[in-house]
There are 2 protein chains.
Amino acid sequence: MKSKLVMLVVGLWLGCAQLVLAADPLPSWNETAAKQAIVSFVEKVTKPGSPDFVPVPERIATFDNDGTLWVEQPMYSQLLFALDRVKALAPQHPEWKSKEPFASLLKGDVKGALAGGEHAIVEIVMATHAGMSTAQFEQIVKDWTATAKHPRFQRPCTECVYQPMLEVLAYLRANGFKTFIVSGGGIEFMRPWTEKVYGIPPEQVVGSSIKTKYELRGGQPVLIRLPEVNFIDDKAGKPVGINSHIGRRPIAAFGNSDGDRQMLEWTQAGPGARLMMLVHHDDAAREYSYGPDSKIGTFSDSLMAEANTSGWTVTSMKKDWKRIFAFKE
Amino acid sequence: MKSKLVMLVVGLWLGCAQLVLAADPLPSWNETAAKQAIVSFVEKVTKPGSPDFVPVPERIATFDNDGTLWVEQPMYSQLLFALDRVKALAPQHPEWKSKEPFASLLKGDVKGALAGGEHAIVEIVMATHAGMSTAQFEQIVKDWTATAKHPRFQRPCTECVYQPMLEVLAYLRANGFKTFIVSGGGIEFMRPWTEKVYGIPPEQVVGSSIKTKYELRGGQPVLIRLPEVNFIDDKAGKPVGINSHIGRRPIAAFGNSDGDRQMLEWTQAGPGARLMMLVHHDDAAREYSYGPDSKIGTFSDSLMAEANTSGWTVTSMKKDWKRIFAFKE
């Protein structure tokens, strides 16, 4: 009787274990080298006794956002947000009618507005991202993400996220990883929705920022967003942001452009098993196809060369991803 | 037979539950109002269905370090560290023999060296904290904390931590809280040992910082520490640091000085149940007694007045703490 019970329990346990083993954690990935690279890395670092075993607290994985987790074409969503904010704020700024870059923007001429280069972008960002409290800005972002739609896919930007990458995030977390966003985008623009969309809490979001100032307004403490750049979390800024916010080196890093190069170099330079991956946008039919000559999300020839020399995994959206979005088969 | 087995299982389960309930999570605290404030706050925010219930991801607690978690008298441990580094580096800097504040320091005249005020401190910090890679600095800090001793207690500074506060950290974490350090001290000075000493991982440490720069040295990526202030995480800087690193408002905050005032105000200004606590150093026999006139860890009369008006809990080390250090009964 007792031995039968034990056998039953062991049998059930083995059954469950097999079920867990059998479930594919990355069903939206084709059976190609990219998927194999992810799975074999995770198996190596989580196998107790393996020479590549990494204790749970050190399982840090970082993800770029624009172009790595969600769509960045035809322009960054945060720029779409800023343009919408310019329109919404225009009635309070009659002077914008004759002041660039706002005048062009309000006439619908985005290209003309951005012709002013970095200076024009900073003007637009400061006019739309500063001057309010952090709580007010959070609400503005929440309202925008709830209503704005991607121009091509006609879905909220928060739905234009890559299903294969959501699976990687979940797979890593199921294996004891802490997942972080390390993006050139605004930290406060991402935090209001990353937990819901990616399962990444605000304290695990690293990004660019403007300065804030603590004040008492009507006896109530507020943090006021100032029109002054604090930190640019891009290119050589990414390892700096990682060090500042995380304080340890990732063992896995995911990007898609020249802006992620230093993050991948920094990740690789640590000891033991490492996974460096770049998403290559080569699927114009299902998403976009862009490379060395793109205005945003540049994937330069020298980045491709470094990826090849350094053994980084380049994921082809076309060949490696079975599906791209959850909303589309 | 079956019902007996069920009864046995239920009985065992109840027994365990009672054991857990019976164990005092704060054995180093006397049965006073301070302990009661902590326990009743935790019970309120963790009880499902309670109007004050807070979901696990929002259970954020922040702790100042110097004077709140570890001893800060007769001087900040980080200043002890800097002074030791000046001595260690002196052979490489013959010019220091005739250059203040180093000349005084090397003669053992700390008071004279610090007479130069903030400028002197910045000189000492930059000479000892900058100019190396982040990895090198981490090793220097590890070596120092392993060997340096507190001048009065003759123990490593990492043992001069308050046992009652270690219990609060563990108690909060056992109740689903994420615990963060938010200190005016250097973020990179704390991270090498906070996980071991407090159970707080590097990514949950917020502090003051100098700038770093990503470089390739001999083909290897390094982050070089620059002699330039990046952020001062003190006073009105604490809510700024909390917003930058955590991105949500704490529901509990622990401090001990005027440097923590804004962190407690910021914590209190959110909705629902909140716990704001200040450690009052009033125990010269077992630790130190200092208040409004102290050079460091100032507890001003106006802070005490704000604590009373705002309902913050002021913990008396003398009356509320049964023991102070783990190494001393």
# chains A, B, ... in the order shown; residues from 1 in each chain; ligands from 1

$ closest_atom_pairs --of "chain B" --to "chain A" --cutoff "9 Å" --atoms "only C-alpha atoms" --output "Markdown table"
| residue | atom | partner | partner_atom | distance |
| --- | --- | --- | --- | --- |
| B:Pro57 | CA | A:Pro201 | CA | 7.8 |
| B:Thr134 | CA | A:Asn243 | CA | 8.7 |
| B:Ile187 | CA | A:Ser244 | CA | 8.3 |
| B:Glu188 | CA | A:Gly247 | CA | 8.0 |
| B:Arg191 | CA | A:Gly247 | CA | 7.3 |
| B:Pro201 | CA | A:Pro57 | CA | 7.8 |
| B:Pro202 | CA | A:Gly247 | CA | 5.2 |
| B:Glu203 | CA | A:Ile246 | CA | 4.1 |
| B:Gln204 | CA | A:Ile246 | CA | 7.7 |
| B:Val205 | CA | A:His245 | CA | 8.4 |
| B:Val206 | CA | A:His245 | CA | 8.1 |
| B:Ser209 | CA | A:Ser244 | CA | 8.4 |
| B:Lys211 | CA | A:Val240 | CA | 8.6 |
| B:Thr212 | CA | A:Val240 | CA | 6.4 |
| B:Lys213 | CA | A:Val240 | CA | 6.8 |
| B:Tyr214 | CA | A:Ala236 | CA | 5.7 |
| B:Glu215 | CA | A:Ala236 | CA | 8.1 |
| B:Gln220 | CA | A:Ala269 | CA | 7.0 |
| B:Pro221 | CA | A:Trp266 | CA | 6.0 |
| B:Val222 | CA | A:Trp266 | CA | 7.8 |
| B:Leu223 | CA | A:Val240 | CA | 7.2 |
| B:Ala236 | CA | A:Tyr214 | CA | 5.7 |
| B:Gly237 | CA | A:Tyr214 | CA | 7.4 |
| B:Lys238 | CA | A:Tyr214 | CA | 8.9 |
| B:Pro239 | CA | A:Tyr214 | CA | 6.8 |
| B:Val240 | CA | A:Thr212 | CA | 6.4 |
| B:Asn243 | CA | A:Leu223 | CA | 8.5 |
| B:Ser244 | CA | A:Ile187 | CA | 8.3 |
| B:His245 | CA | A:Glu203 | CA | 6.0 |
| B:Ile246 | CA | A:Glu203 | CA | 4.2 |
| B:Gly247 | CA | A:Pro202 | CA | 5.3 |
| B:Arg248 | CA | A:Pro202 | CA | 7.0 |
| B:Gln262 | CA | A:Pro221 | CA | 8.3 |
| B:Glu265 | CA | A:Pro221 | CA | 6.9 |
| B:Trp266 | CA | A:Pro221 | CA | 6.0 |
| B:Ala269 | CA | A:Pro221 | CA | 6.8 |

$ select_by_dssp --residues "range 106-288 of chain B" --states "strand (DSSP E or B)" --output "ChimeraX atom specification"
/B:133,161,178-186,205-217,220-231,252-255,275-280,282

$ residues_around --residues "range 113-120 of chain B" --least-positions-apart "5" --cutoff "10 Å" --atoms "only C-alpha atoms" --output "short mmCIF file (atom, residue, chain, number, x, y, z; two decimals) with N, CA, C and O atoms, in the first residue's frame"
data_model
loop_
_atom_site.label_atom_id
_atom_site.label_comp_id
_atom_site.auth_asym_id
_atom_site.auth_seq_id
_atom_site.Cartn_x
_atom_site.Cartn_y
_atom_site.Cartn_z
N GLU B 100 47.39 71.17 1.08
CA GLU B 100 46.19 70.88 1.87
C GLU B 100 45.06 70.38 0.97
O GLU B 100 45.02 70.73 -0.20
N PRO B 101 44.16 69.56 1.46
CA PRO B 101 44.05 69.10 2.84
C PRO B 101 44.94 67.90 3.16
O PRO B 101 44.94 67.42 4.30
N PHE B 102 45.70 67.43 2.16
CA PHE B 102 46.46 66.19 2.34
C PHE B 102 47.58 66.30 3.39
O PHE B 102 47.80 65.38 4.17
N ALA B 103 48.26 67.49 3.40
CA ALA B 103 49.38 67.67 4.32
C ALA B 103 48.93 67.44 5.77
O ALA B 103 49.56 66.68 6.51
N SER B 104 47.82 68.09 6.15
CA SER B 104 47.32 67.93 7.51
C SER B 104 46.94 66.48 7.79
O SER B 104 47.29 65.91 8.83
N LEU B 105 46.24 65.88 6.83
CA LEU B 105 45.80 64.49 6.99
C LEU B 105 46.97 63.56 7.26
O LEU B 105 46.93 62.71 8.15
N LEU B 106 48.04 63.75 6.47
CA LEU B 106 49.17 62.84 6.57
C LEU B 106 49.92 63.03 7.88
O LEU B 106 50.62 62.14 8.35
N LYS B 107 49.74 64.21 8.50
CA LYS B 107 50.30 64.44 9.84
C LYS B 107 49.34 63.94 10.93
O LYS B 107 49.60 64.11 12.12
N GLY B 108 48.22 63.38 10.52
CA GLY B 108 47.25 62.86 11.49
C GLY B 108 46.28 63.90 12.00
O GLY B 108 45.49 63.64 12.91
N VAL B 125 37.78 63.26 -1.59
CA VAL B 125 36.96 62.25 -2.25
C VAL B 125 37.48 61.99 -3.67
O VAL B 125 37.66 60.84 -4.07
#

$ residues_around --residues "Asp260 in chain B" --least-positions-apart "4" --cutoff "8 Å" --atoms "only C-alpha atoms" --output "list of chain:residue names"
B:Asp64, B:Asp234, B:Lys235, B:Lys238, B:Phe254, B:Gly255, B:Asn256, B:Leu264

$ residues_around --residues "Thr128 in chain A" --least-positions-apart "3" --cutoff "12 Å" --atoms "only C-alpha atoms" --output "ChimeraX atom specification"
/A:78-90,93,102,121-125,131-132,136-137,140-141,189,210,225-227

$ atom_distance --atom1 "CA of Pro271 in chain A" --atom2 "CA of Ile232 in chain A"
27.5 Å

$ select_by_dssp --residues "range 107-283 of chain A" --states "helix (DSSP H, G or I)" --output "ChimeraX atom specification"
/A:110-114,117-129,134-147,157-159,163-174,187-198,202-204,237-245,258-268

$ closest_residue --among "B:Ala127, B:Cys160, B:Met317, B:Met276" --to "Glu228 in chain B" --atoms "only C-alpha atoms"
B:Ala127

$ atom_distance --atom1 "CA of Ala34 in chain A" --atom2 "CA of Phe153 in chain A"
26.3 Å

$ closest_residue --among "B:Arg173, B:Lys149, B:His281, B:Lys318" --to "Pro25 in chain B" --atoms "only C-alpha atoms"
B:Arg173

$ residues_around --residues "Val168 in chain A" --least-positions-apart "3" --cutoff "10 Å" --atoms "only C-alpha atoms" --output "PyMOL selection string"
chain A and resi 25-26+28-29+35+38-39+163-165+171-174+179

$ closest_residue --among "B:Asp293, B:Asp233, B:Asp143, B:Asp258" --to "Leu278 in chain B" --atoms "only C-alpha atoms"
B:Asp258
